[in-house]
Number of protein chains: 2
Amino acid sequence: MAVYTDVTPEELEAFLSTYELGRLRAFKGIAEGVENSNYLLQTEAGSFILTLYEKRVNPADLPFFIGLMEHLATRGIDCPQPVRNREGVALGTLAGRPALIATFLIGTSVRRPSAAHCAALGAALAGLHKAGADFTTQARVNALSVAGWRPLFEQAGARADTVAPGLAALIADELAVLEPNWPKGLPTGVIHADLFPDNVFFTDGTLSGLIDFYFACNDLLAYDVAICLNAWCFEPDGAYNLTKGRALLAGYQAERPLDEAEIAALPLLARGASLRFLLTRLVDWLNVPSGALVRPHDPLEYLRKLRFHRAAQSPRDYGVG
Amino acid sequence: MAVYTDVTPEELEAFLSTYELGRLRAFKGIAEGVENSNYLLQTEAGSFILTLYEKRVNPADLPFFIGLMEHLATRGIDCPQPVRNREGVALGTLAGRPALIATFLIGTSVRRPSAAHCAALGAALAGLHKAGADFTTQARVNALSVAGWRPLFEQAGARADTVAPGLAALIADELAVLEPNWPKGLPTGVIHADLFPDNVFFTDGTLSGLIDFYFACNDLLAYDVAICLNAWCFEPDGAYNLTKGRALLAGYQAERPLDEAEIAALPLLARGASLRFLLTRLVDWLNVPSGALVRPHDPLEYLRKLRFHRAAQSPRDYGVG
């Protein structure tokens with residue numbers, strides 16, 4: 001849930017008057033995204049999402065995100081399309097924050113993805129990777145790939161053990177394995193990097209949209225697959241669902257076949273992806289003020305996933321190869 | 001902001017299937033109301049608000065609130081209209097909570113009401129009082145009128161002085177004045193009791209809707225006027241804006257003239273209304289966990305208003321009589 005910045009109707013009407021969207025009919029702060037403030041707007045032209053970018057987003061990255069969404073929309077990807085104002089500019093300022101109006105996507109996210117959902121997700125991810133292949137006017141380094149993990153670990157430090165005994169040592173072990181062995185030379189491109197079920201909309205069982213491109217960056221395409229295996233194919237009890245994994249990977253490969261090196265790297269990439277979310281969740285967890293009403297995601301969910309990956313023997317354990 | 005109860009799309013689709021609203025197209029938790037969880041639904045039939053009633057609402061009161069909204073809608077008041085399911089029942093159960101789907105009202109609330117907004121609000125309040133006059137099938141005692149204040153004061157106790165030095169003594173003085181002198185015999189009926197600017201929608205400058213009937217009850221009609229004078233006619237610096245007060249009262253009286261006794265009682269009613277919000281805000285303020293991210297309303301805003309009322313001499317100080 002996230003509405004951090006308060007926008008008055010008066011400010012919003014003034015902002016809207018620079019767009020060709022007609023009069024404001026209604027607006028509501030919505031509980032979507034955790035990094036930014038989001039509002040649903042209804043104007044004479046329809047429904048839109050207004051996003052105010054909060055301090056965790058680097059304003060220098062916004063042209064990349066906006067350019068990417070525009071690029072993907074022209075390639076037929078169902079994602080929010082930035083709306084430009086009368087002067088042709090998409091990124092504005094509202095309530096002292098960078099602000100974007102984007103089209104509203106129909107659909108709802110699923111909480112308990114089925115194998116069919118995973119197959120659709122795999123296909124959409126491959127479609128995204130193909131559509132992003134010629135987005136070359138801008139680039140963004142992935143701050144949350146292997147080079148970014150040790151600094152996160154250092155932020156948590158010994159306090160990691162307050163979350164789970166032995167956690168600091170386990171993370172140190174992981175870094176010692178992953179840093180020297182992280183794959184090199186695999187196909188790269190634009191990845192979403194955060195394609196969790198709440199960022200994927202379905203309508204009547206059909207995948208109808210992808211949202212929240214604010215972790216998108218240039219990195220290994222197969223790392224994005226590994227992130228999705230973590231996010232979509234584990235059960236609430238921590239078990240990896242091989243049927244869902246197979247479905248996701250088959251869906252992906254029907255659109256973009258993984259090469260041999262990518263398949264071989266998959267167990268290590270999945271292990272790294274689980275460490276990435278374990279670390280960011282751990283740091284968030286340790287930095288929440290006591291008594292806060294907003295609870296961060298549980299880092300231990302990703303500790304359980306990491307344990308699966310440490311025990312995995314081969315790509316076959318994930319449903320491929 | 002309030003989304004307390006998490007609803008999965010799967011639960012919601014099952015719930016919606018008992019209504020004649022078509023398929024679910026989108027739903028978003030919205031930051032509206034502070035007592036309940038609210039979601040904006042988009043279905044094939046249009047936009048709706050789904051409310052899940054949280055623990056601060058007494059389920060036994062829900063038939064009163066729902067019956068009142070239905071009654072007011074038939075009397076031409078623009079308020080959310082409860083939607084009944086295929087079995088003709090409005091109140092359902094979702095995610096273990098009492099749940100209601102109501103129509104979506106167009107409009108946005110104003111943050112800085114003008115005198116024209118106050119005039120429109122006054123007229124709408126009188127219209128509400130007239131429309132509620134024949135809602136007699138159910139009744140609800142106002143738990144937050146004069147008899148409810150001392151128990152609130154006792155909850156705060158000496159801790160009141162941690163919010164403002166001398167506050168406990170001032171509240172004790174007020175209760176000593178208000179309890180024996182609270183008006184009796186004034187016209188009664190259904191009052192909204194919480195008609196703050198965020199519960200009133202305007203569209204293109206015209207009042208287009210009233211929402212949030214979850215404090216509605218049977219009480220003195222003029223007490224509702226006094227609540228609105230407090231909520232609409234003070235400036236951010238604490239000054240009473242006589243022009244706005246005159247506009248609100250004239251707007252009200254054009255629809256329902258206040259009688260002499262009501263006018264004479266207005267200063268005391270306004271004083272009581274300010275104490276009511278001072279006390280509830282004070283208790284909420286004292287009971288917030290340290291470090292909480294949701295900050296309650298500032299009780300001192302109502303201390304400043306109370307000081308104005310203590311100094312007021314006559315109804316003329318409010319713009320009437």
# chains A, B, ... in the order shown; residues from 1 in each chain; ligands from 1
$ calpha_fit_and_write --fixed "chain B" --moving "chain A" --output "mmCIF file with C-alpha atoms, in the first residue's frame"
data_model
loop_
_atom_site.group_PDB
_atom_site.id
_atom_site.type_symbol
_atom_site.label_atom_id
_atom_site.label_comp_id
_atom_site.auth_asym_id
_atom_site.auth_seq_id
_atom_site.Cartn_x
_atom_site.Cartn_y
_atom_site.Cartn_z
ATOM 1 C CA MET A 1 -5.959 5.989 4.296
ATOM 2 C CA ALA A 2 -7.412 2.622 4.995
ATOM 3 C CA VAL A 3 -7.001 -0.777 3.490
ATOM 4 C CA TYR A 4 -6.848 -3.087 6.458
ATOM 5 C CA THR A 5 -8.290 -6.316 5.120
ATOM 6 C CA ASP A 6 -6.627 -8.037 2.222
ATOM 7 C CA VAL A 7 -9.042 -9.439 -0.361
ATOM 8 C CA THR A 8 -7.787 -11.857 -2.979
ATOM 9 C CA PRO A 9 -9.112 -11.550 -6.527
ATOM 10 C CA GLU A 10 -10.312 -15.136 -6.214
ATOM 11 C CA GLU A 11 -12.444 -14.351 -3.130
ATOM 12 C CA LEU A 12 -13.767 -11.217 -4.738
ATOM 13 C CA GLU A 13 -14.778 -12.983 -7.957
ATOM 14 C CA ALA A 14 -16.689 -15.546 -5.933
ATOM 15 C CA PHE A 15 -18.419 -12.776 -3.966
ATOM 16 C CA LEU A 16 -19.233 -10.809 -7.128
ATOM 17 C CA SER A 17 -20.775 -13.863 -8.750
ATOM 18 C CA THR A 18 -23.709 -13.475 -6.333
ATOM 19 C CA TYR A 19 -24.474 -10.040 -7.849
ATOM 20 C CA GLU A 20 -25.791 -8.951 -11.234
ATOM 21 C CA LEU A 21 -22.767 -6.780 -11.932
ATOM 22 C CA GLY A 22 -21.052 -8.800 -14.646
ATOM 23 C CA ARG A 23 -17.416 -9.828 -14.645
ATOM 24 C CA LEU A 24 -14.720 -8.139 -12.611
ATOM 25 C CA ARG A 25 -12.536 -5.845 -14.702
ATOM 26 C CA ALA A 26 -10.283 -4.262 -12.075
ATOM 27 C CA PHE A 27 -10.118 -3.608 -8.369
ATOM 28 C CA LYS A 28 -7.869 -1.396 -6.295
ATOM 29 C CA GLY A 29 -7.632 -0.784 -2.596
ATOM 30 C CA ILE A 30 -8.326 2.904 -2.071
ATOM 31 C CA ALA A 31 -7.254 5.406 0.530
ATOM 32 C CA GLU A 32 -10.681 6.577 1.638
ATOM 33 C CA GLY A 33 -12.263 6.536 5.057
ATOM 34 C CA VAL A 34 -10.341 5.767 8.204
ATOM 35 C CA GLU A 35 -12.585 3.180 9.819
ATOM 36 C CA ASN A 36 -13.069 0.593 7.069
ATOM 37 C CA SER A 37 -11.345 -1.058 4.113
ATOM 38 C CA ASN A 38 -12.448 0.346 0.786
ATOM 39 C CA TYR A 39 -11.900 -0.929 -2.728
ATOM 40 C CA LEU A 40 -12.798 0.563 -6.053
ATOM 41 C CA LEU A 41 -14.335 -2.130 -8.272
ATOM 42 C CA GLN A 42 -14.729 -1.912 -11.989
ATOM 43 C CA THR A 43 -17.096 -4.494 -13.417
ATOM 44 C CA GLU A 44 -18.941 -4.834 -16.686
ATOM 45 C CA ALA A 45 -21.728 -2.820 -15.022
ATOM 46 C CA GLY A 46 -19.502 0.159 -14.113
ATOM 47 C CA SER A 47 -17.615 1.454 -11.092
ATOM 48 C CA PHE A 48 -18.533 0.594 -7.503
ATOM 49 C CA ILE A 49 -17.114 0.954 -4.010
ATOM 50 C CA LEU A 50 -16.670 -2.201 -1.946
ATOM 51 C CA THR A 51 -16.481 -1.578 1.799
ATOM 52 C CA LEU A 52 -15.357 -4.161 4.338
ATOM 53 C CA TYR A 53 -16.391 -3.112 7.835
ATOM 54 C CA GLU A 54 -13.556 -3.293 10.324
ATOM 55 C CA LYS A 55 -13.717 -3.694 14.052
ATOM 56 C CA ARG A 56 -14.448 -0.060 14.921
ATOM 57 C CA VAL A 57 -17.856 -0.417 13.285
ATOM 58 C CA ASN A 58 -20.481 -2.287 15.271
ATOM 59 C CA PRO A 59 -22.097 -4.858 12.942
ATOM 60 C CA ALA A 60 -25.415 -4.258 14.720
ATOM 61 C CA ASP A 61 -25.368 -0.697 13.330
ATOM 62 C CA LEU A 62 -24.935 -1.741 9.699
ATOM 63 C CA PRO A 63 -28.635 -2.231 8.899
ATOM 64 C CA PHE A 64 -29.235 1.352 10.095
ATOM 65 C CA PHE A 65 -26.491 2.768 7.866
ATOM 66 C CA ILE A 66 -27.545 0.733 4.837
ATOM 67 C CA GLY A 67 -31.236 1.411 5.346
ATOM 68 C CA LEU A 68 -30.500 5.114 5.692
ATOM 69 C CA MET A 69 -28.471 5.272 2.469
ATOM 70 C CA GLU A 70 -31.238 3.477 0.605
ATOM 71 C CA HIS A 71 -33.841 5.791 2.096
ATOM 72 C CA LEU A 72 -31.889 8.941 1.254
ATOM 73 C CA ALA A 73 -31.284 7.772 -2.307
ATOM 74 C CA THR A 74 -35.036 7.362 -2.815
ATOM 75 C CA ARG A 75 -35.439 10.937 -1.539
ATOM 76 C CA GLY A 76 -33.058 12.265 -4.202
ATOM 77 C CA ILE A 77 -29.960 12.682 -2.032
ATOM 78 C CA ASP A 78 -26.746 11.973 -3.970
ATOM 79 C CA CYS A 79 -25.169 9.376 -1.725
ATOM 80 C CA PRO A 80 -23.769 5.890 -2.281
ATOM 81 C CA GLN A 81 -26.607 3.517 -2.983
ATOM 82 C CA PRO A 82 -26.235 -0.013 -1.605
ATOM 83 C CA VAL A 83 -26.300 -2.667 -4.323
ATOM 84 C CA ARG A 84 -28.351 -5.759 -3.540
ATOM 85 C CA ASN A 85 -27.286 -9.211 -4.639
ATOM 86 C CA ARG A 86 -29.468 -11.633 -6.621
ATOM 87 C CA GLU A 87 -31.245 -12.599 -3.419
ATOM 88 C CA GLY A 88 -32.091 -8.979 -2.665
ATOM 89 C CA VAL A 89 -29.600 -8.685 0.181
ATOM 90 C CA ALA A 90 -27.235 -5.709 0.422
ATOM 91 C CA LEU A 91 -24.993 -6.738 3.313
ATOM 92 C CA GLY A 92 -22.731 -9.704 2.567
ATOM 93 C CA THR A 93 -19.602 -11.306 3.969
ATOM 94 C CA LEU A 94 -16.182 -11.186 2.344
ATOM 95 C CA ALA A 95 -12.801 -12.103 3.802
ATOM 96 C CA GLY A 96 -14.521 -12.718 7.126
ATOM 97 C CA ARG A 97 -15.897 -9.179 7.306
ATOM 98 C CA PRO A 98 -19.337 -7.649 6.743
ATOM 99 C CA ALA A 99 -19.152 -6.286 3.200
ATOM 100 C CA LEU A 100 -21.172 -3.852 1.098
ATOM 101 C CA ILE A 101 -21.043 -2.918 -2.569
ATOM 102 C CA ALA A 102 -22.335 0.596 -3.206
ATOM 103 C CA THR A 103 -22.587 2.812 -6.248
ATOM 104 C CA PHE A 104 -19.625 5.006 -7.108
ATOM 105 C CA LEU A 105 -20.131 8.752 -6.796
ATOM 106 C CA ILE A 106 -18.548 11.128 -9.258
ATOM 107 C CA GLY A 107 -16.798 14.163 -7.822
ATOM 108 C CA THR A 108 -13.838 15.231 -5.730
ATOM 109 C CA SER A 109 -13.684 16.720 -2.287
ATOM 110 C CA VAL A 110 -12.276 20.194 -1.736
ATOM 111 C CA ARG A 111 -9.402 20.826 0.609
ATOM 112 C CA ARG A 112 -9.884 24.570 0.993
ATOM 113 C CA PRO A 113 -13.620 25.233 0.902
ATOM 114 C CA SER A 114 -14.724 28.641 -0.342
ATOM 115 C CA ALA A 115 -17.770 30.527 0.939
ATOM 116 C CA ALA A 116 -19.642 29.180 -2.102
ATOM 117 C CA HIS A 117 -18.732 25.628 -1.100
ATOM 118 C CA CYS A 118 -19.938 26.355 2.441
ATOM 119 C CA ALA A 119 -23.236 27.690 1.128
ATOM 120 C CA ALA A 120 -23.718 24.554 -0.970
ATOM 121 C CA LEU A 121 -22.795 22.380 2.003
ATOM 122 C CA GLY A 122 -25.342 24.167 4.202
ATOM 123 C CA ALA A 123 -28.079 23.607 1.667
ATOM 124 C CA ALA A 124 -27.133 19.939 1.249
ATOM 125 C CA LEU A 125 -27.097 19.408 5.009
ATOM 126 C CA ALA A 126 -30.593 20.870 5.324
ATOM 127 C CA GLY A 127 -31.706 18.684 2.406
ATOM 128 C CA LEU A 128 -30.281 15.663 4.187
ATOM 129 C CA HIS A 129 -32.138 16.556 7.388
ATOM 130 C CA LYS A 130 -35.410 16.948 5.499
ATOM 131 C CA ALA A 131 -34.905 13.716 3.543
ATOM 132 C CA GLY A 132 -34.128 11.835 6.740
ATOM 133 C CA ALA A 133 -37.232 13.097 8.537
ATOM 134 C CA ASP A 134 -39.325 10.108 7.504
ATOM 135 C CA PHE A 135 -36.615 7.508 8.055
ATOM 136 C CA THR A 136 -38.275 6.131 11.117
ATOM 137 C CA THR A 137 -38.020 2.364 10.642
ATOM 138 C CA GLN A 138 -34.703 2.294 12.479
ATOM 139 C CA ALA A 139 -32.883 4.541 14.924
ATOM 140 C CA ARG A 140 -29.374 4.876 16.271
ATOM 141 C CA VAL A 141 -28.314 6.686 19.413
ATOM 142 C CA ASN A 142 -25.414 9.121 19.030
ATOM 143 C CA ALA A 143 -22.646 7.567 21.106
ATOM 144 C CA LEU A 144 -20.548 10.686 20.549
ATOM 145 C CA SER A 145 -22.939 13.298 21.905
ATOM 146 C CA VAL A 146 -22.645 14.881 25.338
ATOM 147 C CA ALA A 147 -23.126 11.651 27.301
ATOM 148 C CA GLY A 148 -20.222 10.027 25.458
ATOM 149 C CA TRP A 149 -17.634 12.696 26.170
ATOM 150 C CA ARG A 150 -16.785 12.018 29.798
ATOM 151 C CA PRO A 151 -15.930 8.357 29.118
ATOM 152 C CA LEU A 152 -13.577 9.543 26.377
ATOM 153 C CA PHE A 153 -12.032 12.043 28.762
ATOM 154 C CA GLU A 154 -11.499 9.255 31.284
ATOM 155 C CA GLN A 155 -9.738 7.170 28.624
ATOM 156 C CA ALA A 156 -7.308 10.013 28.045
ATOM 157 C CA GLY A 157 -7.012 10.922 31.712
ATOM 158 C CA ALA A 158 -3.921 12.777 32.890
ATOM 159 C CA ARG A 159 -2.132 11.834 29.660
ATOM 160 C CA ALA A 160 -4.092 14.673 28.021
ATOM 161 C CA ASP A 161 -1.503 17.060 29.441
ATOM 162 C CA THR A 162 1.238 15.326 27.447
ATOM 163 C CA VAL A 163 -0.462 16.677 24.324
ATOM 164 C CA ALA A 164 -0.930 20.228 25.644
ATOM 165 C CA PRO A 165 -0.177 21.509 29.143
ATOM 166 C CA GLY A 166 -3.392 22.223 31.011
ATOM 167 C CA LEU A 167 -5.541 20.300 28.548
ATOM 168 C CA ALA A 168 -7.029 17.937 31.153
ATOM 169 C CA ALA A 169 -8.205 20.842 33.307
ATOM 170 C CA LEU A 170 -9.658 22.642 30.306
ATOM 171 C CA ILE A 171 -11.629 19.564 29.233
ATOM 172 C CA ALA A 172 -12.896 19.085 32.790
ATOM 173 C CA ASP A 173 -14.072 22.716 32.814
ATOM 174 C CA GLU A 174 -15.830 22.229 29.487
ATOM 175 C CA LEU A 175 -17.643 19.120 30.653
ATOM 176 C CA ALA A 176 -18.751 20.981 33.770
ATOM 177 C CA VAL A 177 -20.336 23.645 31.550
ATOM 178 C CA LEU A 178 -21.661 21.499 28.723
ATOM 179 C CA GLU A 179 -23.141 18.538 30.583
ATOM 180 C CA PRO A 180 -25.705 20.470 32.653
ATOM 181 C CA ASN A 181 -26.428 23.039 29.936
ATOM 182 C CA TRP A 182 -26.686 20.814 26.855
ATOM 183 C CA PRO A 183 -29.847 21.905 24.968
ATOM 184 C CA LYS A 184 -32.997 19.889 25.370
ATOM 185 C CA GLY A 185 -36.131 20.028 23.276
ATOM 186 C CA LEU A 186 -34.541 21.136 20.011
ATOM 187 C CA PRO A 187 -35.707 19.496 16.752
ATOM 188 C CA THR A 188 -34.191 16.058 16.268
ATOM 189 C CA GLY A 189 -33.794 13.713 13.356
ATOM 190 C CA VAL A 190 -31.202 11.799 11.394
ATOM 191 C CA ILE A 191 -27.854 13.617 11.353
ATOM 192 C CA HIS A 192 -24.714 12.780 9.370
ATOM 193 C CA ALA A 193 -22.481 13.725 12.319
ATOM 194 C CA ASP A 194 -19.224 13.648 10.323
ATOM 195 C CA LEU A 195 -19.801 15.828 7.276
ATOM 196 C CA PHE A 196 -16.227 17.026 6.841
ATOM 197 C CA PRO A 197 -15.017 18.311 3.460
ATOM 198 C CA ASP A 198 -13.570 14.911 2.528
ATOM 199 C CA ASN A 199 -17.058 13.429 2.774
ATOM 200 C CA VAL A 200 -18.557 15.889 0.303
ATOM 201 C CA PHE A 201 -17.964 15.698 -3.434
ATOM 202 C CA PHE A 202 -18.146 18.549 -5.914
ATOM 203 C CA THR A 203 -18.172 18.332 -9.696
ATOM 204 C CA ASP A 204 -17.350 21.498 -11.624
ATOM 205 C CA GLY A 205 -18.082 23.531 -8.486
ATOM 206 C CA THR A 206 -21.481 21.972 -7.833
ATOM 207 C CA LEU A 207 -22.062 19.739 -4.836
ATOM 208 C CA SER A 208 -22.542 16.277 -6.321
ATOM 209 C CA GLY A 209 -22.527 13.835 -3.434
ATOM 210 C CA LEU A 210 -22.304 13.007 0.261
ATOM 211 C CA ILE A 211 -20.492 9.904 1.503
ATOM 212 C CA ASP A 212 -19.475 8.048 4.660
ATOM 213 C CA PHE A 213 -22.633 7.679 6.719
ATOM 214 C CA TYR A 214 -20.949 5.567 9.394
ATOM 215 C CA PHE A 215 -21.419 8.092 12.177
ATOM 216 C CA ALA A 216 -25.019 8.864 11.207
ATOM 217 C CA CYS A 217 -27.473 8.712 14.093
ATOM 218 C CA ASN A 218 -30.532 10.384 15.614
ATOM 219 C CA ASP A 219 -29.701 13.591 17.409
ATOM 220 C CA LEU A 220 -30.281 17.348 17.428
ATOM 221 C CA LEU A 221 -30.334 18.639 13.853
ATOM 222 C CA ALA A 222 -28.622 21.851 14.924
ATOM 223 C CA TYR A 223 -25.749 19.804 16.386
ATOM 224 C CA ASP A 224 -25.016 18.623 12.821
ATOM 225 C CA VAL A 225 -24.942 22.290 11.762
ATOM 226 C CA ALA A 226 -22.501 22.976 14.594
ATOM 227 C CA ILE A 227 -20.256 20.093 13.489
ATOM 228 C CA CYS A 228 -20.181 21.541 9.969
ATOM 229 C CA LEU A 229 -19.391 25.057 11.209
ATOM 230 C CA ASN A 230 -16.364 23.549 12.938
ATOM 231 C CA ALA A 231 -15.334 21.453 9.955
ATOM 232 C CA TRP A 232 -15.867 23.995 7.154
ATOM 233 C CA CYS A 233 -15.551 27.531 8.466
ATOM 234 C CA PHE A 234 -12.195 27.731 10.237
ATOM 235 C CA GLU A 235 -9.011 28.754 8.442
ATOM 236 C CA PRO A 236 -5.775 26.749 8.771
ATOM 237 C CA ASP A 237 -4.463 29.401 11.188
ATOM 238 C CA GLY A 238 -7.388 28.706 13.542
ATOM 239 C CA ALA A 239 -9.437 31.810 12.721
ATOM 240 C CA TYR A 240 -13.191 31.483 12.291
ATOM 241 C CA ASN A 241 -14.175 32.786 8.849
ATOM 242 C CA LEU A 242 -17.390 34.669 9.445
ATOM 243 C CA THR A 243 -18.108 34.967 5.726
ATOM 244 C CA LYS A 244 -18.030 31.188 5.367
ATOM 245 C CA GLY A 245 -20.122 30.767 8.511
ATOM 246 C CA ARG A 246 -22.745 33.158 7.184
ATOM 247 C CA ALA A 247 -22.760 31.363 3.843
ATOM 248 C CA LEU A 248 -23.163 27.930 5.440
ATOM 249 C CA LEU A 249 -25.957 29.077 7.743
ATOM 250 C CA ALA A 250 -27.773 31.011 5.013
ATOM 251 C CA GLY A 251 -27.492 27.984 2.693
ATOM 252 C CA TYR A 252 -28.955 25.795 5.421
ATOM 253 C CA GLN A 253 -31.759 28.180 6.333
ATOM 254 C CA ALA A 254 -32.844 28.615 2.727
ATOM 255 C CA GLU A 255 -33.780 24.927 2.868
ATOM 256 C CA ARG A 256 -34.691 24.507 6.508
ATOM 257 C CA PRO A 257 -34.962 27.606 8.684
ATOM 258 C CA LEU A 258 -33.514 27.179 12.169
ATOM 259 C CA ASP A 259 -35.955 28.047 14.933
ATOM 260 C CA GLU A 260 -35.160 30.610 17.631
ATOM 261 C CA ALA A 261 -34.093 28.020 20.177
ATOM 262 C CA GLU A 262 -31.744 26.369 17.690
ATOM 263 C CA ILE A 263 -30.136 29.688 16.834
ATOM 264 C CA ALA A 264 -29.762 30.569 20.510
ATOM 265 C CA ALA A 265 -28.141 27.187 21.188
ATOM 266 C CA LEU A 266 -25.694 27.391 18.321
ATOM 267 C CA PRO A 267 -22.684 28.733 20.309
ATOM 268 C CA LEU A 268 -23.030 25.993 22.919
ATOM 269 C CA LEU A 269 -23.574 23.301 20.265
ATOM 270 C CA ALA A 270 -20.488 24.471 18.371
ATOM 271 C CA ARG A 271 -18.511 24.367 21.610
ATOM 272 C CA GLY A 272 -19.727 20.821 22.257
ATOM 273 C CA ALA A 273 -18.963 19.758 18.700
ATOM 274 C CA SER A 274 -15.409 21.006 19.006
ATOM 275 C CA LEU A 275 -15.010 19.135 22.305
ATOM 276 C CA ARG A 276 -16.334 15.945 20.666
ATOM 277 C CA PHE A 277 -13.646 15.993 17.954
ATOM 278 C CA LEU A 278 -10.977 17.168 20.386
ATOM 279 C CA LEU A 279 -11.732 14.164 22.589
ATOM 280 C CA THR A 280 -11.892 11.476 19.895
ATOM 281 C CA ARG A 281 -8.738 12.808 18.277
ATOM 282 C CA LEU A 282 -7.021 12.987 21.658
ATOM 283 C CA VAL A 283 -7.814 9.360 22.449
ATOM 284 C CA ASP A 284 -6.665 8.254 18.987
ATOM 285 C CA TRP A 285 -3.512 10.317 19.354
ATOM 286 C CA LEU A 286 -2.645 8.813 22.725
ATOM 287 C CA ASN A 287 -3.261 5.280 21.471
ATOM 288 C CA VAL A 288 -1.105 5.317 18.352
ATOM 289 C CA PRO A 289 1.835 2.919 18.613
ATOM 290 C CA SER A 290 5.135 4.803 18.621
ATOM 291 C CA GLY A 291 6.718 4.839 15.173
ATOM 292 C CA ALA A 292 3.411 4.189 13.415
ATOM 293 C CA LEU A 293 3.347 5.353 9.817
ATOM 294 C CA VAL A 294 -0.283 6.436 9.957
ATOM 295 C CA ARG A 295 -0.646 9.635 11.878
ATOM 296 C CA PRO A 296 -4.021 10.452 13.442
ATOM 297 C CA HIS A 297 -5.671 13.841 13.098
ATOM 298 C CA ASP A 298 -4.212 16.573 15.271
ATOM 299 C CA PRO A 299 -6.346 17.093 18.404
ATOM 300 C CA LEU A 300 -4.914 20.581 18.879
ATOM 301 C CA GLU A 301 -6.728 21.801 15.777
ATOM 302 C CA TYR A 302 -9.912 21.321 17.773
ATOM 303 C CA LEU A 303 -8.435 22.869 20.894
ATOM 304 C CA ARG A 304 -7.945 26.069 18.863
ATOM 305 C CA LYS A 305 -11.558 25.902 17.668
ATOM 306 C CA LEU A 306 -12.784 25.288 21.194
ATOM 307 C CA ARG A 307 -10.944 28.420 22.356
ATOM 308 C CA PHE A 308 -12.847 30.437 19.743
ATOM 309 C CA HIS A 309 -16.151 29.034 20.943
ATOM 310 C CA ARG A 310 -15.324 29.775 24.599
ATOM 311 C CA ALA A 311 -14.807 33.414 23.653
ATOM 312 C CA ALA A 312 -17.882 33.688 21.425
ATOM 313 C CA GLN A 313 -20.705 35.834 22.816
ATOM 314 C CA SER A 314 -23.735 35.106 20.667
ATOM 315 C CA PRO A 315 -25.038 33.437 17.490
ATOM 316 C CA ARG A 316 -24.015 36.623 15.670
ATOM 317 C CA ASP A 317 -20.383 35.606 16.161
ATOM 318 C CA TYR A 318 -21.192 32.643 13.885
ATOM 319 C CA GLY A 319 -23.042 34.619 11.247
ATOM 320 C CA VAL A 320 -26.691 34.276 12.247
ATOM 321 C CA GLY A 321 -29.256 35.906 14.480
#
$ select_by_dssp --residues "range 54-295 of chain B" --states "alpha helix (DSSP H)" --output "ChimeraX atom specification"
/B:62-74,115-132,146-156,160-163,167-181,221-232,242-255,260-286
$ select_by_dssp --residues "range 36-106 of chain A" --states "strand (DSSP E)" --output "MDAnalysis selection string"
chainID A and resid 37:43 46:52 91:94 97:103
